[in-house]
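A short write-up of the structure that comes next.
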Amino acid sequence: MQRSEPPQSIEQLIRAYHPGHALAQGFYLRQDVFDQDMALLLGRWTCVGHASEVAAAGDWLTAEFGAESAIVVRGEDEVLRAFYNVCRHRGSRICVGDRGSAAMLTCPYHAWSYHLDGRLRGAREMPATFNADDHGLQPLALKDIGGLIFISFGDDPPALGDAEPALGAMTRAYGWETAKVAARRRYDVAANWKLVMENYHECYHCAPAHPEFSAVHTLARPHARRLRTGLAPTAGVADFEAWASEPDGREVARVMRSELLEGCVSGSADGTYLAPLMGGDGACVFAELGFLSAFLAYPDHGVIYRFIPRAVCETAMEVIWLVKGDAVEGRDYGLDRLTWLWDITSVADKTIIETNQAGVRSRAYRPGPFSLMEPGAQAYVERYVRELEARLPTEQGAAP
Ligand code: FES
Ligand SMILES: [Fe+2]
């Protein structure tokens, strides 16, 4: 810190928060705040991929989250399960790499092996007192919502309530249950995760930073919400918001139908379709569930956005492109054309977010007011502050 005053406590930072404004510098630069953030986020739901990536028994993928790593694996019984990626012998990671397929999960260190349902299968040269039943993999909560795989590292993840059917309506209407992953790309951003999320939640920057996005989406225009007035919830997808609720155990969630500009039917360079139709009725739908997962459904393809905080000023953004399950690359779609809009948009976001972080480091930084085109970012920040506050130690002692 370049300031001469003694650093404030996290509680003081929270108490000094001015609603309607960006966060104070400490929220974006301090290790102790980041540690609190990770404790908050670990307990929430986060999307780790699409069911088609683990379609067959033995298919697995890993998902990193701070110091944690999860294995998501399809069992012989077709059931998807999630486990901590930690061996019950001496703690090695078991699955190394992003994904794979195996008849059993074998630790690379001393070759303990696990059944696909997590039970310990084999451990060599153990004493007679050793009980294999006590050494299965430690399970994590998992939910498959219309092909989207969510996990939580929390012991008691929040109930999803109405958010699950709301998101499920979108995945059904847009054919995501039977979709397949066409591409996955990662963008490393040298910025605090909250700057990344604030950026994702407002389109004030779209006109100056994303001319390509602005050429097809009404969201980039002032009063985009007013443009949506009268947009009927056809195709069974109704708007849904769980932004404003107090921290009552419910997860953050939003489903929002949005118009494309006249003459545009998809998120492409010329507004035309990129791939075989999957569903929907012409509009696109933005959705999110949890603090770190966002979705965008076009009639002919889908986009999953995963945000992964890695360090105080390091965040990975992962973009996953979905197409119809039986679409064939080269015949039905081209990867360059399919990924063009959200690749160019993500690269531009990386640049503006990193430039934002650089300015926030200055001693001259003061949190400024949100504009009328940033209600999503404002709601996100205010919700974050409320949830962090709810986790502060109470006068009686323990944090809830
Ligand atoms: S740490 Fe996994 S077998 Fe030893
Ligand atoms: Fe952006």
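In the structure tokens, chains take letters A, B, ... by order of appearance, with residues numbered from 1 within each chain and ligands from 1 in the order shown.
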
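Taking only C-alpha atoms and all ligand atoms into account, the protein and nucleic acid residues that come at most 9 Å from ligand 2 are Asn199, Tyr200, His201, Glu202, Cys203, Tyr204, His205, Cys206, Ala209, His210, Phe213, Thr345, Ser346, Val347, Ala348, Asp349, Lys350, Ile352 and Ile353 of chain A.
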
Open item on the list: Please find the residues contacting ligand 1 at a distance of at most 7 Å between atoms, with only C-alpha atoms and all ligand atoms counted, and report them as a ChimeraX atom specification.
Closed with: /A:87-92,94,107-112

- [ ] Find the residues around Trp176 (chain A) up to 12 Å (only C-alpha atoms counted), leave out those fewer than 5 positions away in its own chain, and share them as a PyMOL selection string.
- [x] chain A and resi 49-52+144-149+167-171+181+277-280+295-304+321-325

Atoms to include: C-alpha atoms. Write the selected residues as a JSON list (two decimals), in the first residue's frame.
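After the write, again_36.json holds the following:
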```
[["chain", "number", "residue", "atom", "x", "y", "z"],
["A", 49, "GLY", "CA", -18.30, -27.87, -17.91],
["A", 50, "HIS", "CA", -20.86, -29.65, -20.03],
["A", 51, "ALA", "CA", -22.10, -33.22, -19.57],
["A", 52, "SER", "CA", -21.06, -34.12, -23.13],
["A", 144, "ASP", "CA", -26.47, -31.43, -13.65],
["A", 145, "ILE", "CA", -28.86, -28.73, -14.82],
["A", 146, "GLY", "CA", -29.79, -29.42, -18.40],
["A", 147, "GLY", "CA", -26.29, -30.60, -19.28],
["A", 148, "LEU", "CA", -24.48, -27.92, -17.26],
["A", 149, "ILE", "CA", -22.37, -29.47, -14.52],
["A", 167, "LEU", "CA", -32.03, -22.12, -15.80],
["A", 168, "GLY", "CA", -33.39, -25.54, -16.78],
["A", 169, "ALA", "CA", -36.06, -23.85, -18.91],
["A", 170, "MET", "CA", -33.33, -22.07, -20.83],
["A", 171, "THR", "CA", -31.20, -25.15, -21.36],
["A", 181, "VAL", "CA", -18.60, -28.73, -26.76],
["A", 277, "LEU", "CA", -30.31, -24.51, -35.08],
["A", 278, "MET", "CA", -30.58, -25.78, -31.51],
["A", 279, "GLY", "CA", -33.73, -24.07, -30.27],
["A", 280, "GLY", "CA", -35.10, -20.83, -28.96],
["A", 295, "PHE", "CA", -24.25, -18.44, -20.00],
["A", 296, "LEU", "CA", -25.45, -17.08, -23.29],
["A", 297, "ALA", "CA", -27.83, -19.02, -25.54],
["A", 298, "TYR", "CA", -28.21, -18.12, -29.20],
["A", 299, "PRO", "CA", -30.58, -20.11, -31.41],
["A", 300, "ASP", "CA", -27.65, -21.89, -33.09],
["A", 301, "HIS", "CA", -24.91, -22.03, -30.44],
["A", 302, "GLY", "CA", -24.22, -21.51, -26.77],
["A", 303, "VAL", "CA", -21.49, -19.86, -24.74],
["A", 304, "ILE", "CA", -20.46, -20.80, -21.20],
["A", 321, "TRP", "CA", -18.68, -22.92, -27.10],
["A", 322, "LEU", "CA", -21.61, -25.34, -27.50],
["A", 323, "VAL", "CA", -23.18, -26.52, -30.74],
["A", 324, "LYS", "CA", -25.89, -29.05, -31.58],
["A", 325, "GLY", "CA", -24.84, -32.54, -30.51]]
```

Task: Contacts of Val54 (chain A) within 12 Å, only C-alpha atoms, excl. fewer than 3 positions in-chain, as a count of residues only - done: 31

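Using only C-alpha atoms, the shortest contact distance between Glu382 (chain A) and any of A:Leu23, A:Leu260, A:Met104, A:Ile151 is found at A:Leu23.
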
Open item on the list: Give me, as a PyMOL selection string, all polymer residues having an atom no more than 8 Å from Pro369 (chain A), counting only C-alpha atoms and skipping those fewer than 2 positions away in the same chain.
Closed with: chain A and resi 20-22+367+371

How about saving the chosen residues, C-alpha atoms kept, as an mmCIF file, in the first residue's frame?
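Listed below is the output, selection_4.cif:
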```
data_model
loop_
_atom_site.group_PDB
_atom_site.id
_atom_site.type_symbol
_atom_site.label_atom_id
_atom_site.label_comp_id
_atom_site.auth_asym_id
_atom_site.auth_seq_id
_atom_site.Cartn_x
_atom_site.Cartn_y
_atom_site.Cartn_z
ATOM 1 C CA GLY A 20 -23.908 2.882 -5.865
ATOM 2 C CA HIS A 21 -20.136 3.109 -6.130
ATOM 3 C CA ALA A 22 -17.230 0.905 -7.078
ATOM 4 C CA PRO A 367 -14.346 4.579 -6.117
ATOM 5 C CA SER A 371 -23.842 4.878 -14.423
#
```

TODO: Tell me which protein, DNA and RNA residues are within 10 Å of Glu198 (chain A), counting only C-alpha atoms, leaving out same-chain ones fewer than 5 positions away, and put them as a ChimeraX atom specification.
DONE: /A:22,193,203,353,374,376-381
